[in-house]
$ cat start_7.txt   # compact mmCIF, C-alpha atoms and all ligand atoms
# COMPACT_ATOMS: atom_id res chain seq x y z
CA MET A 544 0.00 0.00 0.00
CA ASP A 545 1.23 3.45 -0.88
CA SER A 546 1.58 5.26 2.43
CA GLN A 547 1.05 8.56 0.60
CA GLN A 548 -2.59 7.71 -0.02
CA ALA A 549 -5.15 7.55 2.78
CA PRO A 550 -7.43 4.48 2.89
CA LEU A 551 -10.50 4.71 0.70
CA ARG A 552 -13.66 5.54 2.59
CA LEU A 553 -16.27 3.08 1.37
CA ALA A 554 -20.05 3.24 1.47
CA VAL A 555 -21.36 -0.28 1.01
CA LEU A 556 -24.94 -0.53 -0.30
CA VAL A 557 -26.91 -3.68 0.42
CA SER A 558 -30.45 -5.00 0.18
CA GLY A 559 -30.12 -8.45 1.73
CA SER A 560 -27.79 -10.86 3.47
CA GLY A 561 -24.66 -8.77 3.12
CA SER A 562 -22.19 -11.66 3.00
CA ASN A 563 -20.00 -9.61 0.66
CA LEU A 564 -20.14 -6.70 3.09
CA GLN A 565 -18.99 -9.21 5.71
CA ALA A 566 -16.09 -10.26 3.48
CA LEU A 567 -14.96 -6.62 3.33
CA ILE A 568 -15.39 -6.15 7.08
CA ASP A 569 -13.37 -9.32 7.77
CA ALA A 570 -10.59 -8.40 5.35
CA ILE A 571 -10.27 -4.95 6.91
CA GLU A 572 -10.30 -6.33 10.47
CA ARG A 573 -7.67 -8.93 9.57
CA GLN A 574 -5.57 -6.17 8.02
CA GLN A 575 -5.75 -7.83 4.62
CA LEU A 576 -7.31 -4.69 3.14
CA PRO A 577 -5.44 -1.69 4.57
CA GLU A 578 -6.45 0.22 1.43
CA ALA A 579 -9.99 0.77 2.73
CA GLU A 580 -12.30 1.48 5.63
CA ILE A 581 -16.08 1.13 5.67
CA ALA A 582 -17.46 4.51 6.63
CA LEU A 583 -21.14 3.78 6.01
CA VAL A 584 -23.59 1.02 5.12
CA ILE A 585 -26.81 1.94 3.34
CA SER A 586 -29.68 -0.49 2.90
CA SER A 587 -32.75 -0.23 0.72
CA ARG A 588 -34.54 -2.65 3.08
CA ALA A 589 -35.14 -2.21 6.77
CA ASP A 590 -34.86 -5.96 7.40
CA ALA A 591 -31.65 -6.56 5.44
CA TYR A 592 -29.33 -8.76 7.48
CA GLY A 593 -26.46 -6.66 6.15
CA LEU A 594 -27.57 -3.90 8.55
CA GLN A 595 -27.12 -6.26 11.52
CA ARG A 596 -23.67 -7.22 10.30
CA ALA A 597 -22.65 -3.56 10.09
CA LEU A 598 -24.07 -2.68 13.50
CA LYS A 599 -22.21 -5.59 15.08
CA HIS A 600 -19.00 -3.98 13.87
CA ARG A 601 -20.07 -0.47 14.92
CA ILE A 602 -20.33 0.79 11.36
CA PRO A 603 -22.86 3.60 10.87
CA THR A 604 -25.94 2.36 9.02
CA VAL A 605 -28.79 4.05 7.22
CA TYR A 606 -32.00 2.52 5.92
CA LEU A 607 -33.27 4.42 2.89
CA PRO A 608 -36.81 3.50 1.74
CA TRP A 609 -36.39 3.08 -1.98
CA ASN A 610 -39.22 1.97 -4.17
CA ARG A 611 -39.70 3.33 -7.68
CA SER A 612 -41.62 6.45 -6.67
CA GLN A 613 -39.00 7.26 -4.01
CA ARG A 614 -35.92 7.03 -6.22
CA LEU A 615 -35.16 10.73 -6.64
CA GLU A 616 -35.62 11.37 -2.95
CA ALA A 617 -33.49 8.36 -2.04
CA GLU A 618 -30.77 9.48 -4.42
CA ALA A 619 -30.80 13.02 -2.98
CA ARG A 620 -30.42 11.53 0.50
CA THR A 621 -27.66 9.24 -0.69
CA LEU A 622 -25.81 12.20 -2.16
CA ALA A 623 -26.05 14.11 1.12
CA LEU A 624 -24.78 11.07 3.04
CA LEU A 625 -21.86 10.57 0.66
CA ARG A 626 -20.80 14.16 1.25
CA LEU A 627 -21.34 14.01 5.00
CA PHE A 628 -19.33 10.79 5.36
CA GLU A 629 -16.72 11.90 2.80
CA ILE A 630 -17.10 8.73 0.77
CA ASP A 631 -14.53 7.90 -1.93
CA LEU A 632 -16.11 4.76 -3.37
CA LEU A 633 -19.62 3.29 -3.44
CA VAL A 634 -19.69 -0.48 -3.39
CA LEU A 635 -22.96 -2.02 -4.56
CA ALA A 636 -22.91 -5.44 -2.93
CA GLY A 637 -26.25 -7.10 -3.49
CA PHE A 638 -27.98 -3.74 -3.80
CA MET A 639 -31.26 -4.41 -5.60
CA ARG A 640 -31.96 -0.90 -6.80
CA ILE A 641 -30.92 0.94 -9.95
CA PHE A 642 -29.51 4.47 -9.82
CA SER A 643 -30.69 7.01 -12.38
CA PRO A 644 -28.23 8.03 -15.13
CA GLY A 645 -28.11 11.52 -13.62
CA PHE A 646 -26.89 10.10 -10.32
CA VAL A 647 -24.36 7.72 -11.88
CA ASP A 648 -22.91 10.46 -14.09
CA GLN A 649 -21.88 12.40 -10.99
CA PHE A 650 -19.57 9.57 -9.91
CA PRO A 651 -17.53 8.36 -12.87
CA ARG A 652 -15.41 5.35 -11.78
CA ARG A 653 -16.47 5.85 -8.20
CA ILE A 654 -19.29 3.28 -8.06
CA ILE A 655 -18.58 -0.43 -8.37
CA ASN A 656 -21.10 -3.25 -8.62
CA LEU A 657 -20.85 -6.97 -7.99
CA HIS A 658 -22.69 -8.92 -10.67
CA PRO A 659 -23.05 -12.72 -10.43
CA ALA A 660 -22.18 -13.46 -14.08
CA LEU A 661 -19.19 -13.05 -16.38
CA LEU A 662 -19.07 -9.71 -18.18
CA PRO A 663 -16.68 -8.75 -21.02
CA ASP A 664 -13.79 -6.33 -20.28
CA SER A 665 -15.41 -3.22 -21.69
CA GLY A 666 -18.67 -4.26 -20.07
CA MET A 667 -20.33 -4.10 -23.50
CA GLY A 668 -21.19 -7.00 -25.79
CA ASP A 669 -23.39 -10.06 -25.66
CA THR A 670 -20.77 -12.80 -25.45
CA PHE A 671 -17.86 -13.69 -23.20
CA VAL A 672 -14.97 -16.04 -23.89
CA THR A 673 -14.06 -18.16 -20.86
CA SER A 674 -10.48 -19.17 -19.96
CA ASP A 675 -10.89 -22.47 -21.84
CA GLY A 676 -11.93 -20.64 -25.03
CA THR A 677 -15.66 -21.31 -24.82
CA THR A 678 -17.96 -18.50 -25.92
CA ILE A 679 -20.89 -18.05 -23.58
CA PRO A 680 -23.78 -15.57 -23.51
CA VAL A 681 -23.62 -12.55 -21.21
CA PHE A 682 -26.43 -12.36 -18.69
CA ARG A 683 -27.41 -9.00 -17.23
CA GLY A 684 -30.17 -7.99 -14.83
CA LEU A 685 -31.88 -10.42 -12.48
CA HIS A 686 -31.94 -14.24 -12.16
CA VAL A 687 -28.66 -14.63 -13.99
CA LEU A 688 -27.68 -17.82 -12.14
CA GLN A 689 -30.87 -19.50 -13.33
CA HIS A 690 -30.19 -18.24 -16.86
CA ALA A 691 -26.72 -19.83 -16.74
CA LEU A 692 -28.25 -23.13 -15.57
CA ASP A 693 -31.01 -22.98 -18.18
CA ALA A 694 -28.42 -22.36 -20.91
CA GLY A 695 -26.58 -25.53 -19.87
CA LEU A 696 -23.30 -23.65 -19.23
CA LYS A 697 -20.39 -25.44 -17.60
CA VAL A 698 -18.89 -22.27 -16.22
CA THR A 699 -20.21 -18.99 -14.92
CA GLY A 700 -18.72 -16.56 -12.46
CA SER A 701 -18.91 -13.11 -11.01
CA THR A 702 -17.67 -9.70 -12.09
CA VAL A 703 -16.95 -6.41 -10.38
CA HIS A 704 -17.42 -3.53 -12.77
CA TYR A 705 -17.69 0.24 -12.66
CA VAL A 706 -21.27 1.46 -12.84
CA ILE A 707 -22.37 3.44 -15.88
CA PRO A 708 -25.94 4.40 -16.80
CA GLU A 709 -26.41 1.19 -18.88
CA LEU A 710 -27.25 -1.75 -16.64
CA ASP A 711 -24.37 -4.18 -15.87
CA ALA A 712 -22.33 -2.77 -18.75
CA GLY A 713 -19.49 -0.69 -17.25
CA PRO A 714 -15.74 -1.34 -17.55
CA VAL A 715 -14.63 -4.44 -15.66
CA LEU A 716 -12.31 -4.24 -12.65
CA CYS A 717 -11.96 -7.97 -12.05
CA ARG A 718 -13.83 -11.25 -12.33
CA ARG A 719 -13.65 -14.90 -11.30
CA GLU A 720 -14.91 -17.95 -13.10
CA VAL A 721 -16.93 -20.54 -11.16
CA PRO A 722 -17.62 -24.06 -12.45
CA ILE A 723 -21.21 -25.27 -12.76
CA GLU A 724 -21.42 -28.84 -11.45
CA PRO A 725 -23.87 -31.47 -12.76
CA GLY A 726 -27.01 -31.34 -10.61
CA ASP A 727 -26.43 -27.75 -9.50
CA THR A 728 -29.52 -25.81 -8.50
CA GLU A 729 -29.73 -22.03 -8.28
CA GLU A 730 -29.12 -22.42 -4.56
CA THR A 731 -26.01 -24.63 -4.77
CA LEU A 732 -24.58 -22.52 -7.56
CA GLN A 733 -25.24 -19.32 -5.66
CA LYS A 734 -23.34 -20.69 -2.69
CA ARG A 735 -20.28 -21.41 -4.86
CA VAL A 736 -20.51 -18.06 -6.66
CA LYS A 737 -20.71 -16.19 -3.36
CA GLN A 738 -17.61 -17.99 -2.05
CA ALA A 739 -15.74 -16.69 -5.10
CA GLU A 740 -17.24 -13.23 -4.67
CA HIS A 741 -16.01 -12.92 -1.10
CA ARG A 742 -12.44 -12.91 -2.45
CA LEU A 743 -13.34 -10.98 -5.58
CA ILE A 744 -14.85 -8.00 -3.81
CA VAL A 745 -11.70 -7.54 -1.72
CA GLU A 746 -9.53 -7.85 -4.83
CA ALA A 747 -11.69 -5.26 -6.59
CA VAL A 748 -11.29 -2.64 -3.87
CA LYS A 749 -7.52 -3.20 -3.83
CA LYS A 750 -7.38 -2.88 -7.60
CA HIS A 751 -9.44 0.29 -7.62
CA TYR A 752 -7.14 1.75 -4.94
CA GLN A 753 -4.06 0.96 -7.03
CA GLU A 754 -5.49 2.18 -10.29
CA ARG A 755 -7.18 5.40 -9.23
CA GLY A 756 -5.24 8.45 -10.21
CA ARG A 757 -3.58 6.58 -13.07
CA ARG A 758 -6.37 7.49 -15.43
C1 LIG B 1 -24.24 -11.45 -4.78
O1 LIG B 1 -24.27 -12.74 -5.34
C2 LIG B 1 -24.09 -10.40 -5.85
O2 LIG B 1 -23.39 -10.85 -6.97
C3 LIG B 1 -25.51 -10.09 -6.23
O3 LIG B 1 -26.23 -10.19 -5.02
C4 LIG B 1 -25.59 -11.11 -4.14
C5 LIG B 1 -25.43 -10.43 -2.81
O4 LIG B 1 -25.10 -11.33 -1.81
N1 LIG B 1 -25.59 -8.81 -6.87
P1 LIG B 1 -24.82 -10.85 -0.32
O5 LIG B 1 -26.01 -9.99 0.12
O6 LIG B 1 -23.54 -10.07 -0.32
O7 LIG B 1 -24.73 -12.10 0.49
$ encode --input "start_7.txt" --output "structure tokens" --more "lines below"
Ligand code: GRF
Amino acid sequence: MDSQQAPLRLAVLVSGSGSNLQALIDAIERQQLPEAEIALVISSRADAYGLQRALKHRIPTVYLPWNRSQRLEAEARTLALLRLFEIDLLVLAGFMRIFSPGFVDQFPRRIINLHPALLPDSGMGDTFVTSDGTTIPVFRGLHVLQHALDAGLKVTGSTVHYVIPELDAGPVLCRREVPIEPGDTEETLQKRVKQAEHRLIVEAVKKHYQERGRR
């Protein structure tokens, strides 16, 4: 870590279990991620377990009601919180809401998202070539694990990418492939994908830290 640069102040946004938030908390507490600190956790759901995880580690938490009609208000509140907590990087880790283009455009290369499928480097395009040379379709949006199973793929994975206004289409920071085993269900596959993600999300924050300022 470059001692000239202060740790990144992260806001982690969740809507559910928050196991990837936990992976970041653990890496920071074990001093495996000195490049970052979690300054704030925001949840779009009051009952998200991610909030409990944050509170247990004395991380400030905010629940922001966020259905479609509340988006502009929620974004305005998010903006105020990001300023108040002096956030450097927003990490969308299982955050089931979509920011408006106007919001995203204010934070070029400062929002990253974890997407449970393989995305091409530029983020754009409808196909991805896996490490063994197989071309597979790119799945964006929801239910992508089920789409991978339905397509009969042998490999899927997860990607961390920068957020741009187009959904799941921003430049890729890093990704990991995950094998699909015979007999996998959405549940068993999700478990394996999440295990990979818990390392991936830490790697992504490190990579962003190293690469920022070089652009
Ligand atoms: C992850 O699989 C992520 O790829 C997807 O939502 C899931 C969040 O899991 N966007 P968790 O809440 O971090 O356990």
$ closest_atom_pairs --input "start_7.txt" --of "chain A" --to "ligand LIG 1 (chain B)" --cutoff "10 Å" --atoms "only C-alpha atoms and all ligand atoms" --output "Markdown table"
| residue | atom | partner | partner_atom | distance |
| --- | --- | --- | --- | --- |
| A:Leu556 | CA | B:LIG1 | O5 | 9.5 |
| A:Val557 | CA | B:LIG1 | O5 | 6.4 |
| A:Ser558 | CA | B:LIG1 | O5 | 6.7 |
| A:Gly559 | CA | B:LIG1 | O5 | 4.7 |
| A:Ser560 | CA | B:LIG1 | O5 | 3.9 |
| A:Gly561 | CA | B:LIG1 | O5 | 3.5 |
| A:Ser562 | CA | B:LIG1 | O7 | 3.6 |
| A:Asn563 | CA | B:LIG1 | O6 | 3.7 |
| A:Leu564 | CA | B:LIG1 | O6 | 5.9 |
| A:Gln565 | CA | B:LIG1 | O6 | 7.6 |
| A:Ala566 | CA | B:LIG1 | O6 | 8.4 |
| A:Leu567 | CA | B:LIG1 | O6 | 9.9 |
| A:Ala591 | CA | B:LIG1 | O5 | 8.5 |
| A:Tyr592 | CA | B:LIG1 | O5 | 8.2 |
| A:Gly593 | CA | B:LIG1 | O5 | 6.9 |
| A:Leu635 | CA | B:LIG1 | N1 | 7.6 |
| A:Ala636 | CA | B:LIG1 | O6 | 5.4 |
| A:Gly637 | CA | B:LIG1 | O3 | 3.4 |
| A:Phe638 | CA | B:LIG1 | N1 | 6.4 |
| A:Met639 | CA | B:LIG1 | N1 | 7.3 |
| A:Asn656 | CA | B:LIG1 | N1 | 7.4 |
| A:Leu657 | CA | B:LIG1 | O2 | 4.7 |
| A:His658 | CA | B:LIG1 | O2 | 4.2 |
| A:Pro659 | CA | B:LIG1 | O2 | 3.9 |
| A:Ala660 | CA | B:LIG1 | O2 | 7.7 |
| A:Gly684 | CA | B:LIG1 | N1 | 9.2 |
| A:Leu685 | CA | B:LIG1 | N1 | 8.6 |
| A:His686 | CA | B:LIG1 | C3 | 9.7 |
| A:Val687 | CA | B:LIG1 | C3 | 9.5 |
| A:Leu688 | CA | B:LIG1 | O1 | 9.1 |
| A:Gly700 | CA | B:LIG1 | O2 | 9.2 |
| A:Ser701 | CA | B:LIG1 | O2 | 6.4 |
| A:Thr702 | CA | B:LIG1 | O2 | 7.8 |
| A:Val703 | CA | B:LIG1 | O2 | 8.5 |
| A:Gln733 | CA | B:LIG1 | O1 | 6.7 |
| A:Lys734 | CA | B:LIG1 | O1 | 8.4 |
| A:Arg735 | CA | B:LIG1 | O1 | 9.6 |
| A:Val736 | CA | B:LIG1 | O1 | 6.6 |
| A:Lys737 | CA | B:LIG1 | O1 | 5.3 |
| A:Gln738 | CA | B:LIG1 | O1 | 9.1 |
| A:Ala739 | CA | B:LIG1 | O1 | 9.4 |
| A:Glu740 | CA | B:LIG1 | O2 | 7.0 |
| A:His741 | CA | B:LIG1 | O6 | 8.1 |
| A:Ile744 | CA | B:LIG1 | O2 | 9.5 |
$ residues_around --input "start_7.txt" --residues "segment 585-590 of chain A" --least-positions-apart "5" --cutoff "7 Å" --atoms "all atoms listed in the file" --output "count of residues only"
10
$ atom_distance --input "start_7.txt" --atom1 "atom CA of Arg755 of chain A" --atom2 "atom CA of Leu551 of chain A"
10.5 Å
$ closest_residue --input "start_7.txt" --among "A:Asn610, A:Ser674, A:Thr621, A:Gln595" --to "Glu720 of chain A" --atoms "only C-alpha atoms"
A:Ser674
$ atom_distance --input "start_7.txt" --atom1 "atom CA of Leu625 of chain A" --atom2 "atom CA of Leu583 of chain A"
8.7 Å
$ axis_aligned_box --input "start_7.txt" --around "segment 659-664 of chain A" --padding-each-side "8 Å" --output "lines of an AutoDock Vina configuration file"
center_x = -18.4
center_y = -9.9
center_z = -15.7
size_x = 25.3
size_y = 23.1
size_z = 26.6
$ atom_distance --input "start_7.txt" --atom1 "atom CA of Phe642 of chain A" --atom2 "atom CA of Pro708 of chain A"
7.8 Å
$ residues_around --input "start_7.txt" --residues "Val745 of chain A" --least-positions-apart "2" --cutoff "8 Å" --atoms "only C-alpha atoms" --output "PyMOL selection string"
chain A and resi 566-567+570+576+741-743+747-749
$ residues_around --input "start_7.txt" --residues "Ile630 of chain A" --least-positions-apart "5" --cutoff "7 Å" --atoms "only C-alpha atoms" --output "list in words"
Arg552, Leu553, Ala554 and Leu625 of chain A
$ closest_residue --input "start_7.txt" --among "A:Gly666, A:Pro680, A:Gly726, A:Pro603" --to "Phe628 of chain A" --atoms "all atoms listed in the file"
A:Pro603
$ closest_residue --input "start_7.txt" --among "A:Met667, A:Leu716, A:Glu730, A:Ala617" --to "Tyr752 of chain A" --atoms "all atoms listed in the file"
A:Leu716
$ closest_residue --input "start_7.txt" --among "A:Ala694, A:Val715, A:Ile641, A:Val584" --to "Phe682 of chain A" --atoms "all atoms listed in the file"
A:Ala694
$ closest_residue --input "start_7.txt" --among "A:Pro550, A:Arg614, A:Pro725, A:Gly668" --to "Glu629 of chain A" --atoms "only C-alpha atoms"
A:Pro550
$ residues_around --input "start_7.txt" --residues "Gly713 of chain A" --least-positions-apart "6" --cutoff "7 Å" --atoms "all atoms listed in the file" --output "list in words"
Ser665, Gly666, His704, Tyr705, Val706 and Ile707 of chain A
$ closest_residue --input "start_7.txt" --among "A:Ile655, A:Ala623, A:Ile581, A:Val698" --to "Lys750 of chain A" --atoms "all atoms listed in the file"
A:Ile655
